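One structure is given below, encoded as structure tokens.
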Amino acid sequence: MQAPFINPKWHSLLMEFTLTYKEGNLPKGRMMEKLVDYGLSQELFEEWRKPREGTKNPTKANNPVWNWLIKTKLNAWAANRASEHNYYSEGATWSFDRFGQSITELPDGRKIYIGGEHEDWYDPDFYIYNDVVVENIDGSLDIYTYPKNEFPATDSHSATLVNDEIIIIGCLGYMHERSANETPVFALDTRNFSIRKIETTGSNPGWIFKHNSTLLEDGKTLLICQGEIYRDPGSSLTENIHEWNLDLSSRTWSLFKENNWSRWQYIRVDKKRNFLWEICQLIWNKNAGWKEEYEQSLKKLKNDLGYSPDLQIFKSLYEPPLDFKSLPEQEDDYKQHRILIDNVVVRYKEESREVQVTVEGYLPPDTIAILKQDLLEKLSSLVKTQWKMLDI
């Protein structure tokens, strides 16, 4: 089995980061700037420090502070540090250092950046944006904001150019703004940068995000595949295994390809965290030769679990008593592990409270039963508590 706890790319980056900072070699330029270096005053920074929504659709919001943050891509922490003022308790600071942001290049060379998220929910600078940034071919920038009731906070969406419009589909968004039975669809007019909501009918994917969107040859149909789907606050995020069509001329969704794959998940009966990531970190520290970090993580795990976890069980989690072949890790997906059984891919995906299993094809019922029972027993032995299995 391929070791489920070390991604070579992530390990290399972390080693480089750790050595750099332990030696005191702080990066120059990215975190050491001051406002004065860019001709910005403290008063101007404070005027434009916070994110804001537009008053009309669109609202042009060009300003030197956001221009500076776009060009430097400073995160909010670094921007606040440059201003030499602590805004920790004063709300999020505007940042262009985002993930879940789409970038669309127009035929004339302009690049359109839509939305995106800065930091995670627990960070004081966490914010999901509902803006549009236009990078013109001469390097100048135009920034547009919108009323949130006309274009809500949007991240992890798809953005597909169709004639003069960019069709924006899906979103992760804030928890309280998600709707399990809806797939948000918007159109950005690249001529005047207004945004309109597209009301759709038919069988939609649901609250989908991190998916792919492709314009088909007919020029009016978008094919949606991959990604994840939010169902409700009490359920885990679910992988989208089907393919969907959106006919833009009729604004109608339809299921294009349905994959009848076996899927199930494991959760602890007490619904607590499974500590798989923490065990992963323990082995990571050990393999990296970080003795102090290893001892600290082992001590914390003992305190959380009440015992030392059996690392051999952890290493064998995804080694069923069947004839199988381990498959290479996929780029930037350290939570997922794959094996091949009878030319069918079986994927295990670890989350903080569950492990999801997807069988990408047909396997005999006896084989499925062995897969289900084997991992159930191993998880229960590893964490020494009762687990349950649920079909997805």
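In the structure tokens, chains take the letters A, B, ... in the order shown, each chain's residues start at 1, and ligands count up from 1 in the order shown.
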If you count only C-alpha atoms, which residues fall within 10 Å of A:Ile267, apart from same-chain ones fewer than 4 positions away, as a ChimeraX atom specification?
-> /A:271-274,351-356,376,379,386-390
Residue neighbourhood A:Pro321, 10 Å, only C-alpha atoms, exclusion window fewer than 6 positions, as a list in words =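 The neighbour list is Thr367, Ile370, Leu371 and Asp374 of chain A.
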Using the selection just defined, write its residues with C-alpha atoms as an mmCIF file, in the first residue's frame.
```cif
data_model
loop_
_atom_site.group_PDB
_atom_site.id
_atom_site.type_symbol
_atom_site.label_atom_id
_atom_site.label_comp_id
_atom_site.auth_asym_id
_atom_site.auth_seq_id
_atom_site.Cartn_x
_atom_site.Cartn_y
_atom_site.Cartn_z
ATOM 1 C CA THR A 367 -16.194 -8.072 -2.558
ATOM 2 C CA ILE A 370 -15.399 -7.539 2.516
ATOM 3 C CA LEU A 371 -14.369 -3.942 1.803
ATOM 4 C CA ASP A 374 -12.584 -4.732 6.825
#
```
Grab the atom CA of A:Cys225 to atom CA of A:Asp97 distance for me, in Å with one decimal place.
->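 Between atom CA of A:Cys225 and atom CA of A:Asp97 the gap works out to 26.7 Å.
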May I have the residues within 6 Å of stretch 73-88 of chain A as a ChimeraX atom specification, using only C-alpha atoms and disregarding those fewer than 2 positions away in the same chain?
-> /A:31,33-35,69-71,90,93,95-97
Near stretch 171-177 of chain A, counting only C-alpha atoms, which residues have an atom at most 8 Å away, once you skip same-chain residues fewer than 3 positions from it, shown as number ranges by chain?
-> A: 128, 153-157, 184, 207-210, 233
Do you have the atom CA of A:Phe99-atom CA of A:Asp125 distance handy?
->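 Straight-line distance from atom CA of A:Phe99 to atom CA of A:Asp125 works out to 13.6 Å.
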Could you please determine the separation between atom CA of A:Ile112 and atom CA of A:Pro152 in Å, to one decimal place?
-> 17.4 Å
Give me the residues within 7 Å of stretch 50-56 of chain A as a count of residues only, counting only C-alpha atoms and dropping any in the same chain fewer than 5 places off.
-> 7
Using only C-alpha atoms, which residues sit within 12 Å of stretch 190-196 of chain A once same-chain residues fewer than 2 positions away are excluded, as a PDB file with C-alpha atoms, in the first residue's frame?
```pdb
ATOM      1  CA  GLY A  54     -21.734  47.762  -3.887  1.00  0.00           C
ATOM      2  CA  LYS A  56     -25.638  49.450  -7.382  1.00  0.00           C
ATOM      3  CA  ASN A  57     -24.996  46.764 -10.006  1.00  0.00           C
ATOM      4  CA  PRO A  58     -22.149  47.302 -10.745  1.00  0.00           C
ATOM      5  CA  THR A  59     -20.388  49.764  -8.444  1.00  0.00           C
ATOM      6  CA  LYS A  60     -16.944  50.815  -9.620  1.00  0.00           C
ATOM      7  CA  THR A 104     -11.294  33.994 -17.162  1.00  0.00           C
ATOM      8  CA  GLU A 105      -9.305  35.424 -20.075  1.00  0.00           C
ATOM      9  CA  LEU A 106     -11.299  37.308 -22.704  1.00  0.00           C
ATOM     10  CA  PRO A 107     -10.451  37.213 -26.434  1.00  0.00           C
ATOM     11  CA  ASP A 108      -9.050  40.763 -26.204  1.00  0.00           C
ATOM     12  CA  ARG A 110      -8.257  41.072 -20.433  1.00  0.00           C
ATOM     13  CA  LYS A 111      -8.432  38.804 -17.382  1.00  0.00           C
ATOM     14  CA  ILE A 112     -11.551  38.660 -15.221  1.00  0.00           C
ATOM     15  CA  TYR A 113     -11.221  37.620 -11.573  1.00  0.00           C
ATOM     16  CA  ILE A 114     -14.443  36.701  -9.774  1.00  0.00           C
ATOM     17  CA  ASN A 130     -18.686  39.068  -4.306  1.00  0.00           C
ATOM     18  CA  ASP A 131     -16.535  41.352  -6.434  1.00  0.00           C
ATOM     19  CA  VAL A 132     -15.059  41.363  -9.936  1.00  0.00           C
ATOM     20  CA  VAL A 133     -11.552  42.546 -10.801  1.00  0.00           C
ATOM     21  CA  VAL A 134     -10.606  43.311 -14.406  1.00  0.00           C
ATOM     22  CA  ASP A 142     -10.878  48.006 -12.659  1.00  0.00           C
ATOM     23  CA  ILE A 143     -12.699  46.800  -9.551  1.00  0.00           C
ATOM     24  CA  TYR A 144     -16.454  46.243  -9.336  1.00  0.00           C
ATOM     25  CA  THR A 145     -18.578  45.501  -6.290  1.00  0.00           C
ATOM     26  CA  TYR A 146     -22.234  44.490  -6.094  1.00  0.00           C
ATOM     27  CA  PRO A 147     -25.190  44.471  -3.704  1.00  0.00           C
ATOM     28  CA  LYS A 148     -25.174  41.071  -2.001  1.00  0.00           C
ATOM     29  CA  ASN A 149     -28.849  40.539  -2.769  1.00  0.00           C
ATOM     30  CA  GLU A 150     -27.991  40.712  -6.488  1.00  0.00           C
ATOM     31  CA  PHE A 151     -24.667  38.837  -6.392  1.00  0.00           C
ATOM     32  CA  PRO A 152     -23.916  37.006  -3.128  1.00  0.00           C
ATOM     33  CA  THR A 160     -17.390  29.871 -18.433  1.00  0.00           C
ATOM     34  CA  LEU A 161     -17.254  32.437 -21.226  1.00  0.00           C
ATOM     35  CA  VAL A 162     -20.296  32.243 -23.518  1.00  0.00           C
ATOM     36  CA  ASN A 163     -20.290  35.010 -26.141  1.00  0.00           C
ATOM     37  CA  ASP A 164     -20.182  38.286 -24.166  1.00  0.00           C
ATOM     38  CA  GLU A 165     -21.120  36.741 -20.824  1.00  0.00           C
ATOM     39  CA  ILE A 166     -19.319  34.736 -18.176  1.00  0.00           C
ATOM     40  CA  ILE A 167     -21.689  32.124 -16.762  1.00  0.00           C
ATOM     41  CA  ILE A 168     -21.026  31.655 -13.043  1.00  0.00           C
ATOM     42  CA  PRO A 184     -26.922  29.210  -8.169  1.00  0.00           C
ATOM     43  CA  VAL A 185     -26.380  30.496 -11.715  1.00  0.00           C
ATOM     44  CA  PHE A 186     -25.362  34.056 -12.623  1.00  0.00           C
ATOM     45  CA  ALA A 187     -24.260  35.824 -15.809  1.00  0.00           C
ATOM     46  CA  LEU A 188     -21.590  38.550 -15.850  1.00  0.00           C
ATOM     47  CA  ILE A 198     -30.405  33.158 -14.158  1.00  0.00           C
ATOM     48  CA  GLU A 199     -33.488  31.370 -12.852  1.00  0.00           C
TER      49      GLU A 199
END
```
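Distances to A:Thr201 were evaluated for A:Ser254, A:Ser380, A:Asn240, A:Gln265 using only C-alpha atoms, and the minimum falls at A:Ser254.
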Can you list, as a PDB file with C-alpha atoms, in the first residue's frame, every residue of stretch 216-377 of chain A that DSSP puts in strand (DSSP E or B)?
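Produced file result-v8.pdb, reproduced below:
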```
ATOM      1  CA  THR A 221     -25.095  23.851 -23.344  1.00  0.00           C
ATOM      2  CA  LEU A 222     -22.791  23.673 -20.338  1.00  0.00           C
ATOM      3  CA  LEU A 223     -21.575  20.288 -19.090  1.00  0.00           C
ATOM      4  CA  ILE A 224     -21.008  20.169 -15.319  1.00  0.00           C
ATOM      5  CA  CYS A 225     -18.948  17.385 -13.764  1.00  0.00           C
ATOM      6  CA  GLU A 228     -18.690  18.390  -4.307  1.00  0.00           C
ATOM      7  CA  ILE A 229     -22.279  18.869  -3.176  1.00  0.00           C
ATOM      8  CA  TYR A 230     -23.628  20.337   0.061  1.00  0.00           C
ATOM      9  CA  THR A 238     -20.749  14.571  -0.971  1.00  0.00           C
ATOM     10  CA  GLU A 239     -18.678  14.058  -4.086  1.00  0.00           C
ATOM     11  CA  GLU A 243     -22.644  14.714 -15.119  1.00  0.00           C
ATOM     12  CA  TRP A 244     -25.195  17.446 -15.682  1.00  0.00           C
ATOM     13  CA  ASN A 245     -26.256  19.641 -18.602  1.00  0.00           C
ATOM     14  CA  LEU A 246     -27.533  23.209 -18.395  1.00  0.00           C
ATOM     15  CA  ASP A 247     -29.280  24.384 -21.560  1.00  0.00           C
ATOM     16  CA  THR A 252     -33.142  23.962 -18.003  1.00  0.00           C
ATOM     17  CA  TRP A 253     -31.031  21.446 -16.082  1.00  0.00           C
ATOM     18  CA  SER A 254     -30.915  17.746 -16.961  1.00  0.00           C
ATOM     19  CA  LEU A 255     -28.971  14.711 -15.759  1.00  0.00           C
ATOM     20  CA  PHE A 256     -26.627  13.785 -18.616  1.00  0.00           C
ATOM     21  CA  LYS A 257     -24.796  10.776 -17.151  1.00  0.00           C
ATOM     22  CA  SER A 262     -21.372   1.983  -4.626  1.00  0.00           C
ATOM     23  CA  ARG A 263     -20.643   4.644  -1.999  1.00  0.00           C
ATOM     24  CA  TRP A 264     -20.643   4.543   1.766  1.00  0.00           C
ATOM     25  CA  GLN A 265     -19.050   6.293   4.706  1.00  0.00           C
ATOM     26  CA  TYR A 266     -17.896   5.595   8.246  1.00  0.00           C
ATOM     27  CA  ILE A 267     -18.455   7.838  11.241  1.00  0.00           C
ATOM     28  CA  ARG A 268     -17.927   7.369  14.954  1.00  0.00           C
ATOM     29  CA  LYS A 325      -2.926  -2.705  -6.356  1.00  0.00           C
ATOM     30  CA  SER A 326      -2.111   0.650  -4.744  1.00  0.00           C
ATOM     31  CA  GLN A 336      -7.610  10.649  -0.798  1.00  0.00           C
ATOM     32  CA  HIS A 337      -6.130   7.173  -1.281  1.00  0.00           C
ATOM     33  CA  ARG A 338      -6.812   4.857  -4.208  1.00  0.00           C
ATOM     34  CA  ILE A 339      -6.482   1.148  -4.893  1.00  0.00           C
ATOM     35  CA  LEU A 340      -7.382  -1.007  -7.899  1.00  0.00           C
ATOM     36  CA  ILE A 341      -9.455  -4.192  -7.573  1.00  0.00           C
ATOM     37  CA  VAL A 344     -12.064  -0.982 -10.703  1.00  0.00           C
ATOM     38  CA  VAL A 345     -10.803   2.024  -8.750  1.00  0.00           C
ATOM     39  CA  VAL A 346     -11.729   2.143  -5.068  1.00  0.00           C
ATOM     40  CA  ARG A 347     -11.224   5.551  -3.431  1.00  0.00           C
ATOM     41  CA  TYR A 348     -10.994   6.340   0.270  1.00  0.00           C
ATOM     42  CA  LYS A 349     -11.403   9.958   1.303  1.00  0.00           C
ATOM     43  CA  GLU A 350     -10.607  11.097   4.837  1.00  0.00           C
ATOM     44  CA  GLU A 354     -15.807  10.539   8.456  1.00  0.00           C
ATOM     45  CA  VAL A 355     -14.151   8.325   5.868  1.00  0.00           C
ATOM     46  CA  GLN A 356     -15.959   8.059   2.535  1.00  0.00           C
ATOM     47  CA  VAL A 357     -15.508   5.163   0.102  1.00  0.00           C
ATOM     48  CA  THR A 358     -16.365   5.255  -3.600  1.00  0.00           C
ATOM     49  CA  VAL A 359     -16.210   2.239  -5.927  1.00  0.00           C
TER      50      VAL A 359
END
```
A:Lys299: which residues within 9 Å, counting only C-alpha atoms, same-chain residues fewer than 5 positions away excluded, as a CSV table (one decimal) with N, CA and C atoms, in the first residue's frame?
```csv
chain,number,residue,atom,x,y,z
A,294,TYR,N,7.5,15.4,17.0
A,294,TYR,CA,6.9,14.1,17.1
A,294,TYR,C,6.5,13.8,18.6
A,304,ASP,N,-5.7,13.1,23.9
A,304,ASP,CA,-7.0,13.1,23.3
A,304,ASP,C,-7.7,11.7,23.2
A,308,SER,N,-1.9,5.4,23.1
A,308,SER,CA,-1.0,5.5,21.9
A,308,SER,C,-1.7,4.8,20.8
```
As a VMD selection string, please: all residues of stretch 143-314 of chain A that backbone DSSP puts in alpha helix (DSSP H).
-> chain A and resid 276 to 288 291 to 305 311 to 314
Write a file of the selected residues as a compact mmCIF listing (two decimals), in the first residue's frame, keeping N, CA and C atoms.
```
# COMPACT_ATOMS: atom_id res chain seq x y z
N LEU A 276 -7.75 10.94 12.47
CA LEU A 276 -6.89 10.38 11.42
C LEU A 276 -5.84 11.40 10.98
N TRP A 277 -6.23 12.67 10.88
CA TRP A 277 -5.26 13.70 10.48
C TRP A 277 -4.17 13.84 11.53
N GLU A 278 -4.55 13.77 12.80
CA GLU A 278 -3.56 13.90 13.87
C GLU A 278 -2.59 12.73 13.87
N ILE A 279 -3.10 11.53 13.58
CA ILE A 279 -2.21 10.37 13.49
C ILE A 279 -1.29 10.52 12.28
N CYS A 280 -1.84 11.05 11.20
CA CYS A 280 -1.04 11.33 10.01
C CYS A 280 0.11 12.27 10.35
N GLN A 281 -0.19 13.33 11.09
CA GLN A 281 0.84 14.29 11.48
C GLN A 281 1.91 13.66 12.36
N LEU A 282 1.48 12.77 13.24
CA LEU A 282 2.43 12.06 14.11
C LEU A 282 3.46 11.30 13.28
N ILE A 283 2.99 10.57 12.29
CA ILE A 283 3.91 9.79 11.45
C ILE A 283 4.73 10.71 10.56
N TRP A 284 4.13 11.78 10.10
CA TRP A 284 4.84 12.77 9.30
C TRP A 284 6.04 13.32 10.07
N ASN A 285 5.79 13.73 11.32
CA ASN A 285 6.87 14.27 12.15
C ASN A 285 7.97 13.23 12.39
N LYS A 286 7.55 12.00 12.59
CA LYS A 286 8.53 10.93 12.83
C LYS A 286 9.39 10.71 11.60
N ASN A 287 8.77 10.61 10.43
CA ASN A 287 9.52 10.36 9.19
C ASN A 287 10.40 11.54 8.80
N ALA A 288 9.99 12.75 9.20
CA ALA A 288 10.78 13.94 8.88
C ALA A 288 11.97 14.11 9.82
N LYS A 291 12.09 15.31 16.02
CA LYS A 291 11.91 14.62 17.29
C LYS A 291 11.01 15.39 18.24
N GLU A 292 11.27 16.69 18.38
CA GLU A 292 10.48 17.50 19.31
C GLU A 292 9.02 17.55 18.90
N GLU A 293 8.77 17.78 17.60
CA GLU A 293 7.39 17.85 17.11
C GLU A 293 6.70 16.49 17.24
N TYR A 294 7.47 15.41 16.99
CA TYR A 294 6.91 14.06 17.12
C TYR A 294 6.47 13.79 18.55
N GLU A 295 7.33 14.12 19.50
CA GLU A 295 7.01 13.87 20.91
C GLU A 295 5.82 14.71 21.36
N GLN A 296 5.74 15.95 20.86
CA GLN A 296 4.61 16.81 21.22
C GLN A 296 3.29 16.27 20.65
N SER A 297 3.33 15.85 19.38
CA SER A 297 2.11 15.34 18.75
C SER A 297 1.69 14.00 19.37
N LEU A 298 2.67 13.17 19.77
CA LEU A 298 2.34 11.91 20.43
C LEU A 298 1.70 12.16 21.79
N LYS A 299 2.25 13.11 22.52
CA LYS A 299 1.71 13.45 23.84
C LYS A 299 0.27 13.96 23.71
N LYS A 300 0.03 14.81 22.71
CA LYS A 300 -1.32 15.35 22.53
C LYS A 300 -2.30 14.24 22.12
N LEU A 301 -1.86 13.34 21.25
CA LEU A 301 -2.73 12.24 20.83
C LEU A 301 -3.07 11.33 22.01
N LYS A 302 -2.08 11.05 22.84
CA LYS A 302 -2.33 10.23 24.03
C LYS A 302 -3.36 10.89 24.93
N ASN A 303 -3.26 12.21 25.04
CA ASN A 303 -4.20 12.95 25.88
C ASN A 303 -5.60 12.94 25.27
N ASP A 304 -5.69 13.08 23.94
CA ASP A 304 -6.99 13.11 23.27
C ASP A 304 -7.66 11.73 23.23
N LEU A 305 -6.85 10.71 22.95
CA LEU A 305 -7.39 9.36 22.78
C LEU A 305 -7.39 8.55 24.07
N LEU A 311 0.12 2.39 15.07
CA LEU A 311 0.45 2.94 13.75
C LEU A 311 0.41 1.89 12.66
N GLN A 312 0.58 0.63 13.01
CA GLN A 312 0.50 -0.43 12.01
C GLN A 312 -0.92 -0.57 11.48
N ILE A 313 -1.90 -0.40 12.36
CA ILE A 313 -3.29 -0.44 11.90
C ILE A 313 -3.55 0.73 10.96
N PHE A 314 -3.03 1.90 11.32
CA PHE A 314 -3.22 3.08 10.48
C PHE A 314 -2.64 2.85 9.09
```
Using only C-alpha atoms: which of A:Gln42, A:Gln101, A:Ser179, A:Ser236 has the shortest distance to A:His118 |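 That would be A:Gln101, the residue with the smallest distance to A:His118.
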Of the candidates A:His211, A:Tyr307, A:Leu40, A:Ser203, which shows the shortest atom-to-atom distance to A:Lys384, using only C-alpha atoms?
-> A:Tyr307
